[in-house]
file query.csv (CSV, C-alpha atoms)
chain,number,residue,atom,x,y,z
Z,216,MET,CA,17.7,5.0,7.9
Z,217,SER,CA,15.0,7.4,7.0
Z,218,VAL,CA,13.5,8.1,3.6
Z,219,LEU,CA,12.0,11.3,2.1
Z,220,MET,CA,8.7,10.9,0.3
Z,221,ARG,CA,6.4,13.2,-1.5
Z,222,CYS,CA,2.8,13.4,-0.2
Z,223,SER,CA,1.5,13.5,-3.7
Z,224,GLN,CA,2.7,9.9,-4.0
Z,225,ILE,CA,1.4,8.8,-0.7
Z,226,THR,CA,-2.1,9.8,-1.6
Z,227,ALA,CA,-3.9,6.9,-3.3
Z,228,ARG,CA,-1.3,4.4,-2.1
Z,229,PRO,CA,-3.0,1.2,-1.0
Z,230,VAL,CA,-3.3,0.2,2.6
Z,231,VAL,CA,-2.4,-3.5,2.9
Z,232,THR,CA,-2.7,-5.9,5.8
Z,233,MET,CA,0.1,-8.3,6.6
Z,234,ALA,CA,-2.2,-11.0,5.3
Z,235,GLY,CA,-1.9,-9.5,1.8
Z,236,GLU,CA,-5.4,-7.9,1.6
Z,237,ALA,CA,-5.7,-4.3,0.3
Z,238,VAL,CA,-8.4,-2.8,2.5
Z,239,ALA,CA,-8.4,0.9,1.5
Z,240,GLN,CA,-6.3,3.6,-0.1
Z,241,ILE,CA,-4.9,6.8,1.4
Z,242,LYS,CA,-7.0,9.9,0.9
Z,243,ASP,CA,-5.6,12.8,3.0
Z,244,ILE,CA,-2.4,13.1,5.0
Z,245,VAL,CA,-3.1,14.9,8.2
Z,246,TYR,CA,-0.3,16.6,10.1
Z,247,ALA,CA,0.0,18.6,13.3
Z,248,PRO,CA,1.0,22.3,13.0
Z,249,GLY,CA,3.4,22.3,15.9
Z,250,GLY,CA,6.1,19.8,15.4
Z,251,GLY,CA,5.0,18.9,11.9
Z,252,GLU,CA,4.4,15.2,12.7
Z,253,VAL,CA,2.0,13.2,10.6
Z,254,VAL,CA,-1.0,12.4,12.8
Z,255,GLY,CA,-2.7,10.0,10.5
Z,256,PHE,CA,-4.6,9.5,7.2
Z,257,THR,CA,-8.1,9.6,6.0
Z,258,LEU,CA,-9.1,6.7,3.7
Z,259,ALA,CA,-11.0,6.1,0.5
Z,260,GLY,CA,-12.2,2.9,-1.1
Z,261,ARG,CA,-10.2,1.2,-3.8
Z,262,GLY,CA,-12.6,0.6,-6.7
Z,263,MET,CA,-13.6,2.9,-9.5
Z,264,PHE,CA,-17.0,3.4,-7.9
Z,265,SER,CA,-16.0,3.9,-4.3
Z,266,GLY,CA,-15.8,7.1,-2.4
Z,267,PRO,CA,-14.4,8.1,0.9
Z,268,LEU,CA,-14.5,5.7,3.8
Z,269,HIS,CA,-15.8,6.6,7.2
Z,270,GLN,CA,-12.6,5.3,8.7
Z,271,GLY,CA,-9.2,6.7,9.4
Z,272,LEU,CA,-5.8,5.4,10.2
Z,273,ARG,CA,-3.8,7.0,12.9
Z,274,TRP,CA,0.0,7.0,12.6
Z,275,GLY,CA,0.4,4.9,15.7
Z,276,SER,CA,-1.5,2.1,14.0
Z,277,VAL,CA,0.7,2.0,10.9
Z,278,ALA,CA,3.1,-0.9,10.8
Z,279,ALA,CA,5.2,0.5,7.9
Z,280,LEU,CA,5.0,3.2,5.2
Z,281,GLY,CA,6.8,2.0,2.1
Z,282,ALA,CA,7.2,3.1,-1.5
Z,283,ASP,CA,4.3,0.9,-2.7
Z,284,ALA,CA,2.0,0.3,0.2
Z,285,VAL,CA,1.1,1.4,3.7
Z,286,MET,CA,1.2,-1.7,5.8
Z,287,ILE,CA,-1.0,-2.5,8.8
Z,288,THR,CA,-1.2,-5.6,11.0
Z,289,ASP,CA,-4.8,-6.2,10.2
Z,290,ASP,CA,-8.0,-4.3,9.6
Z,291,THR,CA,-8.4,-3.5,13.3
Z,292,ALA,CA,-5.8,-0.8,12.7
Z,293,LEU,CA,-8.5,1.2,10.9
Z,294,GLY,CA,-10.6,3.2,13.3
Z,295,ALA,CA,-13.6,5.5,13.2
Z,296,LEU,CA,-12.9,9.0,12.2
Z,297,GLN,CA,-12.5,11.0,15.4
Z,298,GLY,CA,-10.9,14.2,16.5
Z,299,VAL,CA,-8.4,15.5,14.0
Z,300,LEU,CA,-9.1,13.0,11.4
Z,301,GLU,CA,-12.8,13.7,11.5
Z,302,HIS,CA,-12.4,17.4,10.9
Z,303,ALA,CA,-9.9,16.7,8.2
Z,304,SER,CA,-12.4,14.8,6.2
Z,305,SER,CA,-15.7,16.5,7.1
Z,306,GLY,CA,-17.7,18.2,4.4
Z,307,HIS,CA,-15.4,18.7,1.4
Z,308,GLY,CA,-12.5,17.4,3.3
Z,309,SER,CA,-10.0,20.0,2.1
Z,310,GLY,CA,-10.8,22.9,4.4
Z,311,SER,CA,-7.2,23.2,5.7
Z,312,ASP,CA,-5.5,21.6,2.7
Z,313,VAL,CA,-2.0,23.2,2.3
Z,314,LEU,CA,-1.9,22.6,-1.4
Z,315,GLY,CA,-2.3,25.9,-3.1
Z,316,VAL,CA,-1.6,28.0,0.0
Z,317,GLU,CA,1.1,30.7,-0.1
Z,318,VAL,CA,4.3,30.4,1.9
Z,319,LEU,CA,5.3,33.6,3.7
Z,320,THR,CA,8.7,34.3,5.2
Z,321,ASP,CA,8.9,35.9,8.7
Z,322,THR,CA,10.1,39.0,6.9
Z,323,GLY,CA,6.8,39.3,5.0
Z,324,THR,CA,7.7,38.0,1.5
Z,325,VAL,CA,5.6,35.4,-0.4
Z,326,LEU,CA,7.9,32.7,-1.7
Z,327,GLY,CA,5.4,30.8,-3.7
Z,328,THR,CA,2.4,28.4,-3.5
Z,329,VAL,CA,2.6,24.9,-2.1
Z,330,VAL,CA,2.3,22.2,-4.8
Z,331,ASP,CA,3.5,19.2,-2.7
Z,332,VAL,CA,4.7,18.4,0.8
Z,333,ILE,CA,7.8,16.4,1.6
Z,334,VAL,CA,7.8,14.0,4.6
Z,335,GLU,CA,10.6,12.1,6.2
Z,336,VAL,CA,9.7,8.6,7.2
Z,337,GLY,CA,11.8,7.0,9.9
Z,338,ASP,CA,12.5,3.3,10.0
Z,339,VAL,CA,10.0,1.0,11.7
Z,340,GLU,CA,11.7,1.1,15.1
Z,341,SER,CA,11.9,4.9,15.5
Z,342,GLY,CA,8.5,5.3,14.1
Z,343,ARG,CA,8.5,8.9,13.2
Z,344,CYS,CA,7.0,10.6,10.2
Z,345,ASP,CA,7.5,14.4,10.0
Z,346,VAL,CA,6.9,17.1,7.5
Z,347,VAL,CA,10.3,18.5,6.5
Z,348,GLY,CA,9.7,20.6,3.4
Z,349,TYR,CA,7.3,22.0,0.9
Z,350,GLU,CA,7.6,21.9,-2.8
Z,351,ILE,CA,6.5,25.3,-4.0
Z,352,GLU,CA,5.9,27.0,-7.3
Z,353,SER,CA,8.1,30.0,-6.7
Z,354,SER,CA,7.2,33.6,-7.0
Z,355,GLU,CA,9.5,36.3,-8.2
Z,356,ALA,CA,11.1,36.5,-4.8
Z,357,LEU,CA,13.1,33.3,-5.5
Z,358,GLY,CA,14.4,34.4,-8.8
Z,359,HIS,CA,12.8,32.3,-11.5
Z,360,LYS,CA,9.1,32.8,-11.2
Z,361,GLY,CA,7.1,29.6,-11.8
Z,362,THR,CA,9.8,27.0,-11.3
Z,363,LYS,CA,9.3,24.3,-8.7
Z,364,VAL,CA,11.7,24.2,-5.8
Z,365,LEU,CA,12.0,22.3,-2.5
Z,366,LEU,CA,12.0,24.5,0.6
Z,367,PRO,CA,13.1,23.0,3.9
Z,368,LEU,CA,11.2,23.6,7.1
Z,369,PRO,CA,12.3,24.0,10.7
Z,370,ASP,CA,11.5,21.4,13.4
Z,371,THR,CA,8.6,23.6,14.6
Z,372,LEU,CA,6.2,24.7,12.0
Z,373,ALA,CA,4.4,28.0,12.0
Z,374,ALA,CA,1.4,26.9,10.1
Z,375,SER,CA,-2.4,27.3,10.3
Z,376,GLY,CA,-5.2,27.0,7.9
Z,377,GLU,CA,-4.6,30.6,6.8
Z,378,HIS,CA,-0.9,31.0,6.5
Z,379,LEU,CA,2.3,29.0,6.2
Z,380,MET,CA,5.4,30.8,7.5
Z,381,VAL,CA,9.0,29.9,7.2
Z,382,PRO,CA,12.2,31.7,8.5
Z,383,ALA,CA,13.6,33.9,5.8
Z,384,SER,CA,16.9,32.0,5.9
Z,385,ALA,CA,15.2,28.9,4.4
Z,386,THR,CA,15.7,30.6,1.0
Z,387,GLY,CA,19.4,29.8,1.3
Z,388,PHE,CA,18.7,26.1,1.4
Z,389,VAL,CA,16.3,25.5,-1.5
Z,390,ARG,CA,16.9,22.5,-3.7
Z,391,ASP,CA,15.7,21.3,-7.1
Z,392,ASP,CA,15.3,17.6,-6.3
Z,393,LEU,CA,14.9,15.2,-3.5
Z,394,ALA,CA,18.4,13.7,-3.8
Z,395,GLY,CA,20.2,16.5,-2.0
Z,396,PHE,CA,17.2,17.7,0.0
Z,397,GLY,CA,17.7,15.6,3.1
Z,398,ALA,CA,21.1,17.2,3.6
Z,399,ALA,CA,19.7,20.7,2.9
Z,400,VAL,CA,17.0,20.1,5.7
Z,401,GLU,CA,19.7,19.1,8.2
Z,402,ALA,CA,22.0,22.0,7.3
Z,403,PHE,CA,19.1,24.4,7.6
Z,404,ARG,CA,18.0,23.1,11.0
Z,405,ALA,CA,21.6,23.1,12.2
Z,406,GLN,CA,21.9,26.7,11.1
Z,407,LEU,CA,18.7,27.6,13.0
Z,408,LYS,CA,20.1,26.0,16.2
Z,409,GLY,CA,23.4,27.8,15.8
Z,410,LEU,CA,21.6,31.1,15.7
Z,411,ARG,CA,19.7,30.5,19.0
A,52,MET,CA,-36.1,9.6,-35.7
A,53,PRO,CA,-35.4,6.1,-36.9
A,54,TRP,CA,-34.9,3.3,-34.3
A,55,TRP,CA,-31.1,3.4,-34.4
A,56,GLY,CA,-31.2,7.1,-33.6
A,57,TRP,CA,-32.9,6.3,-30.3
A,58,LEU,CA,-30.4,3.6,-29.6
A,59,ILE,CA,-27.5,5.9,-30.1
A,60,LEU,CA,-29.2,8.5,-27.9
A,61,VAL,CA,-29.7,6.0,-25.1
A,62,VAL,CA,-26.2,4.7,-25.3
A,63,ALA,CA,-24.8,8.2,-25.2
A,64,VAL,CA,-26.9,9.1,-22.2
A,65,VAL,CA,-25.8,6.0,-20.3
A,66,ALA,CA,-22.2,6.6,-21.2
A,67,ALA,CA,-22.4,10.2,-20.0
A,68,THR,CA,-24.0,9.2,-16.7
A,69,VAL,CA,-21.4,6.5,-16.0
A,70,GLY,CA,-18.6,8.9,-17.0
A,71,ILE,CA,-20.0,11.6,-14.6
A,72,LEU,CA,-20.4,9.1,-11.8
A,73,LEU,CA,-16.8,7.8,-12.2
A,74,ALA,CA,-15.5,11.4,-12.3
A,75,VAL,CA,-17.4,12.4,-9.2
A,76,GLN,CA,-16.2,9.3,-7.2
A,77,ALA,CA,-12.6,9.9,-8.4
A,78,ARG,CA,-12.8,13.4,-7.1
A,79,ARG,CA,-14.3,12.3,-3.7
A,80,ARG,CA,-11.4,9.7,-3.4
A,81,SER,CA,-8.7,12.2,-4.1
A,82,GLY,CA,-7.0,13.7,-1.1
A,83,GLY,CA,-4.6,16.4,-0.1
A,84,VAL,CA,-2.4,17.3,2.8
A,85,ILE,CA,-4.3,18.7,5.7
A,86,ILE,CA,-3.2,20.7,8.7
A,87,ALA,CA,-4.9,19.6,11.9
A,88,ASP,CA,-6.7,22.3,13.8
A,89,SER,CA,-4.6,23.2,16.8
A,90,ASP,CA,-7.5,22.8,19.2
A,91,ASP,CA,-7.9,19.2,18.1
A,92,TRP,CA,-4.3,18.4,18.9
A,93,PRO,CA,-2.9,16.7,20.9
A,94,ALA,CA,-5.6,14.2,20.2
A,95,GLY,CA,-7.6,12.6,22.9
A,96,ASP,CA,-7.6,8.9,23.9
A,97,ASP,CA,-5.9,6.7,21.3
A,98,GLU,CA,-6.6,3.0,21.5
A,99,ALA,CA,-3.5,1.0,22.0
A,100,GLY,CA,-2.9,0.3,18.3
A,101,GLY,CA,0.1,-0.6,16.3
A,102,ALA,CA,2.2,-3.7,16.6
A,103,ARG,CA,5.5,-2.2,17.3
O,64,MET,CA,11.4,-28.8,-7.3
O,65,ARG,CA,9.3,-26.1,-8.9
O,66,PHE,CA,5.5,-25.6,-9.1
O,67,SER,CA,5.8,-25.0,-12.8
O,68,ALA,CA,7.6,-28.3,-13.3
O,69,ALA,CA,5.3,-30.3,-11.2
O,70,VAL,CA,2.0,-29.1,-12.7
O,71,GLY,CA,0.8,-31.7,-15.2
O,72,ARG,CA,2.7,-34.5,-13.5
O,73,GLN,CA,0.7,-37.8,-13.3
O,74,VAL,CA,-0.6,-38.9,-9.9
O,75,VAL,CA,-0.4,-42.7,-9.7
O,76,GLY,CA,-2.2,-45.0,-7.2
O,77,ALA,CA,0.2,-47.6,-5.8
O,78,ASP,CA,-2.4,-50.3,-5.1
O,79,ALA,CA,-3.8,-50.5,-8.6
O,80,ALA,CA,-0.8,-48.9,-10.5
O,81,ASP,CA,-3.2,-46.7,-12.3
O,82,THR,CA,-3.2,-43.0,-13.1
O,83,VAL,CA,-5.7,-41.3,-10.8
O,84,GLY,CA,-5.2,-37.8,-12.1
O,85,GLN,CA,-2.8,-35.0,-12.9
O,86,VAL,CA,-1.3,-32.3,-10.7
O,87,ALA,CA,-3.3,-29.1,-11.4
O,88,GLY,CA,-2.2,-26.7,-8.6
O,89,PHE,CA,-1.0,-26.3,-5.0
O,90,VAL,CA,-2.6,-25.1,-1.8
O,91,VAL,CA,0.0,-23.3,0.4
O,92,ASP,CA,-0.2,-22.5,4.1
O,93,PRO,CA,1.7,-19.2,4.5
O,94,VAL,CA,2.0,-19.6,8.3
O,95,GLY,CA,3.6,-23.0,8.1
O,96,ARG,CA,5.3,-22.0,4.8
O,97,ARG,CA,4.5,-25.4,3.3
O,98,VAL,CA,2.3,-27.0,0.7
O,99,LEU,CA,-0.8,-28.2,2.5
O,100,ALA,CA,-2.5,-30.0,-0.4
O,101,VAL,CA,-2.2,-30.7,-4.2
O,102,GLN,CA,-5.1,-29.9,-6.5
O,103,VAL,CA,-5.6,-32.8,-8.9
O,104,LYS,CA,-7.5,-32.9,-12.1
O,105,LYS,CA,-9.3,-36.2,-12.5
O,106,SER,CA,-12.3,-37.7,-14.2
O,107,GLY,CA,-14.1,-38.9,-11.0
O,108,SER,CA,-15.0,-36.9,-8.0
O,109,GLY,CA,-12.6,-35.2,-5.7
O,110,THR,CA,-9.9,-32.8,-6.5
O,111,THR,CA,-7.9,-32.2,-3.3
O,112,LEU,CA,-5.0,-34.4,-2.3
O,113,PRO,CA,-3.7,-33.5,1.2
O,114,TRP,CA,0.0,-33.6,1.5
O,115,SER,CA,-0.2,-36.2,4.2
O,116,ASN,CA,-1.7,-38.6,1.7
O,117,ILE,CA,1.2,-38.4,-0.7
O,118,SER,CA,3.6,-41.4,-0.4
O,119,ALA,CA,6.2,-39.8,-2.7
O,120,PHE,CA,6.5,-36.8,-4.9
O,121,GLY,CA,8.9,-37.9,-7.6
O,122,ASP,CA,10.4,-36.2,-10.6
O,123,ASP,CA,8.2,-38.2,-13.0
O,124,ALA,CA,5.1,-39.1,-10.9
O,125,VAL,CA,3.4,-38.5,-7.7
O,126,ILE,CA,2.6,-41.7,-5.8
O,127,VAL,CA,-0.4,-42.1,-3.6
O,128,ARG,CA,-2.0,-45.1,-1.9
O,129,GLY,CA,-5.0,-45.2,-4.2
O,130,ALA,CA,-7.7,-43.1,-5.9
O,131,ASP,CA,-9.3,-42.6,-2.5
O,132,ALA,CA,-6.4,-40.5,-1.3
O,133,ILE,CA,-7.9,-37.7,-3.3
O,134,GLY,CA,-10.9,-36.5,-1.4
O,135,ASP,CA,-13.9,-34.4,-2.4
O,136,GLU,CA,-14.5,-33.1,1.1
O,137,PRO,CA,-11.2,-31.6,2.2
O,138,ASP,CA,-11.0,-30.3,5.8
O,139,ALA,CA,-11.7,-26.7,6.6
O,140,ALA,CA,-8.1,-25.6,6.8
O,141,ILE,CA,-7.5,-26.6,3.3
O,142,VAL,CA,-10.7,-25.1,2.0
O,143,ALA,CA,-9.9,-21.8,3.6
O,144,LEU,CA,-6.6,-21.6,1.7
O,145,THR,CA,-7.9,-22.7,-1.7
O,146,GLY,CA,-8.8,-20.3,-4.4
O,147,LYS,CA,-7.4,-17.6,-6.6
O,148,ASP,CA,-7.0,-15.2,-3.6
O,149,HIS,CA,-4.5,-17.6,-2.0
O,150,GLY,CA,-2.5,-18.5,-5.1
O,151,LEU,CA,1.2,-17.4,-5.2
O,152,VAL,CA,2.2,-17.5,-8.9
O,153,GLY,CA,1.6,-14.2,-10.7
O,154,LYS,CA,0.9,-12.2,-7.5
O,155,ARG,CA,2.9,-9.1,-6.5
O,156,VAL,CA,5.3,-9.4,-3.6
O,157,LEU,CA,5.3,-6.7,-0.9
O,158,THR,CA,7.8,-6.5,2.0
O,159,ALA,CA,6.5,-5.9,5.5
O,160,ALA,CA,8.0,-2.5,5.1
O,161,GLY,CA,5.7,-1.6,2.2
O,162,ASN,CA,8.0,-1.9,-0.7
O,163,GLN,CA,7.2,-4.0,-3.8
O,164,LEU,CA,9.9,-6.5,-4.8
O,165,GLY,CA,8.3,-7.9,-8.0
O,166,THR,CA,5.8,-10.6,-9.0
O,167,VAL,CA,6.1,-14.4,-8.3
O,168,SER,CA,7.0,-16.3,-11.4
O,169,ASP,CA,7.5,-19.7,-9.8
O,170,VAL,CA,7.8,-21.4,-6.4
O,171,ASP,CA,10.5,-23.8,-5.2
O,172,PHE,CA,9.4,-26.5,-2.8
O,173,ASP,CA,11.0,-29.5,-1.1
O,174,PRO,CA,9.3,-32.6,-2.5
O,175,ALA,CA,10.0,-34.6,0.7
O,176,SER,CA,8.4,-32.3,3.2
O,177,GLY,CA,6.4,-29.9,1.2
O,178,ALA,CA,8.2,-26.9,2.7
O,179,ILE,CA,8.5,-23.8,0.5
O,180,THR,CA,12.2,-23.2,0.0
O,181,SER,CA,12.1,-20.1,-2.2
O,182,LEU,CA,9.9,-17.8,-4.2
O,183,ARG,CA,11.2,-17.0,-7.7
O,184,LEU,CA,10.3,-13.4,-8.6
O,185,ASP,CA,10.8,-11.7,-11.9
O,186,THR,CA,13.4,-9.6,-10.1
O,187,GLY,CA,15.2,-12.2,-8.1
O,188,ASP,CA,14.6,-14.8,-5.4
O,189,VAL,CA,13.2,-14.6,-2.0
O,190,ALA,CA,13.9,-17.3,0.6
O,191,GLY,CA,10.9,-19.3,1.6
O,192,VAL,CA,11.4,-18.5,5.4
O,193,ARG,CA,10.5,-14.9,4.6
O,194,LEU,CA,7.0,-15.8,3.6
O,195,PHE,CA,4.5,-14.0,5.9
O,196,GLY,CA,1.1,-13.9,4.3
O,197,VAL,CA,-0.8,-14.4,1.1
O,198,GLY,CA,-3.9,-12.4,0.2
O,199,SER,CA,-5.9,-11.2,-2.8
O,200,TYR,CA,-3.7,-8.2,-3.3
O,201,ALA,CA,-0.2,-9.4,-2.5
O,202,VAL,CA,2.2,-11.9,-1.0
O,203,VAL,CA,3.8,-10.3,2.0
O,204,VAL,CA,7.3,-11.3,3.0
O,205,ASP,CA,9.6,-10.2,5.8
O,206,ALA,CA,11.7,-7.2,5.0
O,207,HIS,CA,15.0,-9.1,5.5
call {"tool": "encode", "arguments": {"input": "query.csv", "output": "structure tokens"}}
result
Amino acid sequence: MSVLMRCSQITARPVVTMAGEAVAQIKDIVYAPGGGEVVGFTLAGRGMFSGPLHQGLRWGSVAALGADAVMITDDTALGALQGVLEHASSGHGSGSDVLGVEVLTDTGTVLGTVVDVIVEVGDVESGRCDVVGYEIESSEALGHKGTKVLLPLPDTLAASGEHLMVPASATGFVRDDLAGFGAAVEAFRAQLKGLR
Amino acid sequence: MPWWGWLILVVAVVAATVGILLAVQARRRSGGVIIADSDDWPAGDDEAGGAR
Amino acid sequence: MRFSAAVGRQVVGADAADTVGQVAGFVVDPVGRRVLAVQVKKSGSGTTLPWSNISAFGDDAVIVRGADAIGDEPDAAIVALTGKDHGLVGKRVLTAAGNQLGTVSDVDFDPASGAITSLRLDTGDVAGVRLFGVGSYAVVVDAH
């Protein structure tokens, strides 16, 4: 059974080993533009005086992502920052941060700016974690300017550091809260498959 | 300035410094949601991690 | 039997029929899911009573051979599991799936074997067999 989570709540969540030690907290959530899967996390220390850690956590090394902690078998799951995780955290860390970026439809309309990202976390066996939606502060195009709505995303994301694009038909599947959002994502993706 | 004036000044400066330090560190700890650069992905060698 | 009920109980030496101390706490091995030693408050030296030195853990007193059953140089395994970091009571409980169940308010154990039978949380009970690990941040239990 998979669960939908907001990235705003995954940030700062503690990283805990199966032996009950909290070794870090989540700093950034890094995802791949193509299929939208979460690649891994950058980490920060847990105290009031600690800053970012020079270590990252790849999705493959995560034992479980729950509502209160990210579980790892032991601290060998944390690795040096390499590749995608290194670039995500270099310098000011938020070079390609999607928060605050405008969402554009493939017909050229701005729907709003991203304030949060919704991920679907699969159960431990299937092991997937994919970005399935954005929470956006909507522009006039969606009716009530300034309200926050949840916008579903297709399986394949059109996203880069500059623009985030969605098919225009996504506007027919927006929701106000997470409760019905899972069904909206499935319905939207089913509709996209039907059109092909 | 009487002696207690200096004391208040020192305490205020220390409090302000600590406050700034905590705020800076909190900002450095905060994170966002980052899109990986497409040239970095698919990532290279991954150690065999994860206990699944 | 519960930790909360057993703390404060007298520890009596069978050879001299004297009180050698009082139960102060417990050292738990999360891998074996059992009590490894009892921490004893006493006037002389030595505060650790290995479970193997206990003749009987009764409702009114804990019987040991004599005062020498309580050692001041416990073996390394017991020392490694002693301390606030390894205590159970008052600690948050996380499942291996990363969800918090509650905090431990008390622990049930079998006085004959020392096995942990259940953890009593503020939100309900967790069977002792689910205990997986205890650390400074949380007690980790299996998800089911």
call {"tool": "atom_distance", "arguments": {"input": "query.csv", "atom1": "atom CA of Val203 of chain O", "atom2": "atom CA of Ser217 of chain Z"}}
result
21.5 Å
call {"tool": "residues_around", "arguments": {"input": "query.csv", "residues": "Asn116 of chain O", "least_positions_apart": "2", "cutoff": "10 Å", "atoms": "all atoms listed in the file", "output": "ChimeraX atom specification"}}
result
/O:100-101,112-114,118-119,126-129,131-134
call {"tool": "residues_around", "arguments": {"input": "query.csv", "residues": "Ala77 of chain A", "least_positions_apart": "4", "cutoff": "9 Å", "atoms": "all atoms listed in the file", "output": "ChimeraX atom specification"}}
result
/Z:263-266 /A:72-73,81
call {"tool": "write_last_selection", "arguments": {"input": "query.csv", "atoms": "C-alpha atoms", "output": "mmCIF file, in the frame of the given file"}}
result
data_model
loop_
_atom_site.group_PDB
_atom_site.id
_atom_site.type_symbol
_atom_site.label_atom_id
_atom_site.label_comp_id
_atom_site.auth_asym_id
_atom_site.auth_seq_id
_atom_site.Cartn_x
_atom_site.Cartn_y
_atom_site.Cartn_z
ATOM 1 C CA MET Z 263 -13.600 2.900 -9.500
ATOM 2 C CA PHE Z 264 -17.000 3.400 -7.900
ATOM 3 C CA SER Z 265 -16.000 3.900 -4.300
ATOM 4 C CA GLY Z 266 -15.800 7.100 -2.400
ATOM 5 C CA LEU A 72 -20.400 9.100 -11.800
ATOM 6 C CA LEU A 73 -16.800 7.800 -12.200
ATOM 7 C CA SER A 81 -8.700 12.200 -4.100
#
call {"tool": "interface_residues", "arguments": {"input": "query.csv", "of": "chain Z", "to": "chain O", "cutoff": "7 Å", "atoms": "only C-alpha atoms", "output": "ChimeraX atom specification"}}
result
/Z:233-237,279-286
call {"tool": "residues_around", "arguments": {"input": "query.csv", "residues": "Arg96 of chain O", "least_positions_apart": "3", "cutoff": "12 Å", "atoms": "all atoms listed in the file", "output": "PyMOL selection string"}}
result
chain O and resi 90-93+99+151+170-173+176-182+190-197+204
call {"tool": "atom_distance", "arguments": {"input": "query.csv", "atom1": "atom CA of Phe403 of chain Z", "atom2": "atom CA of Thr371 of chain Z"}}
result
12.6 Å
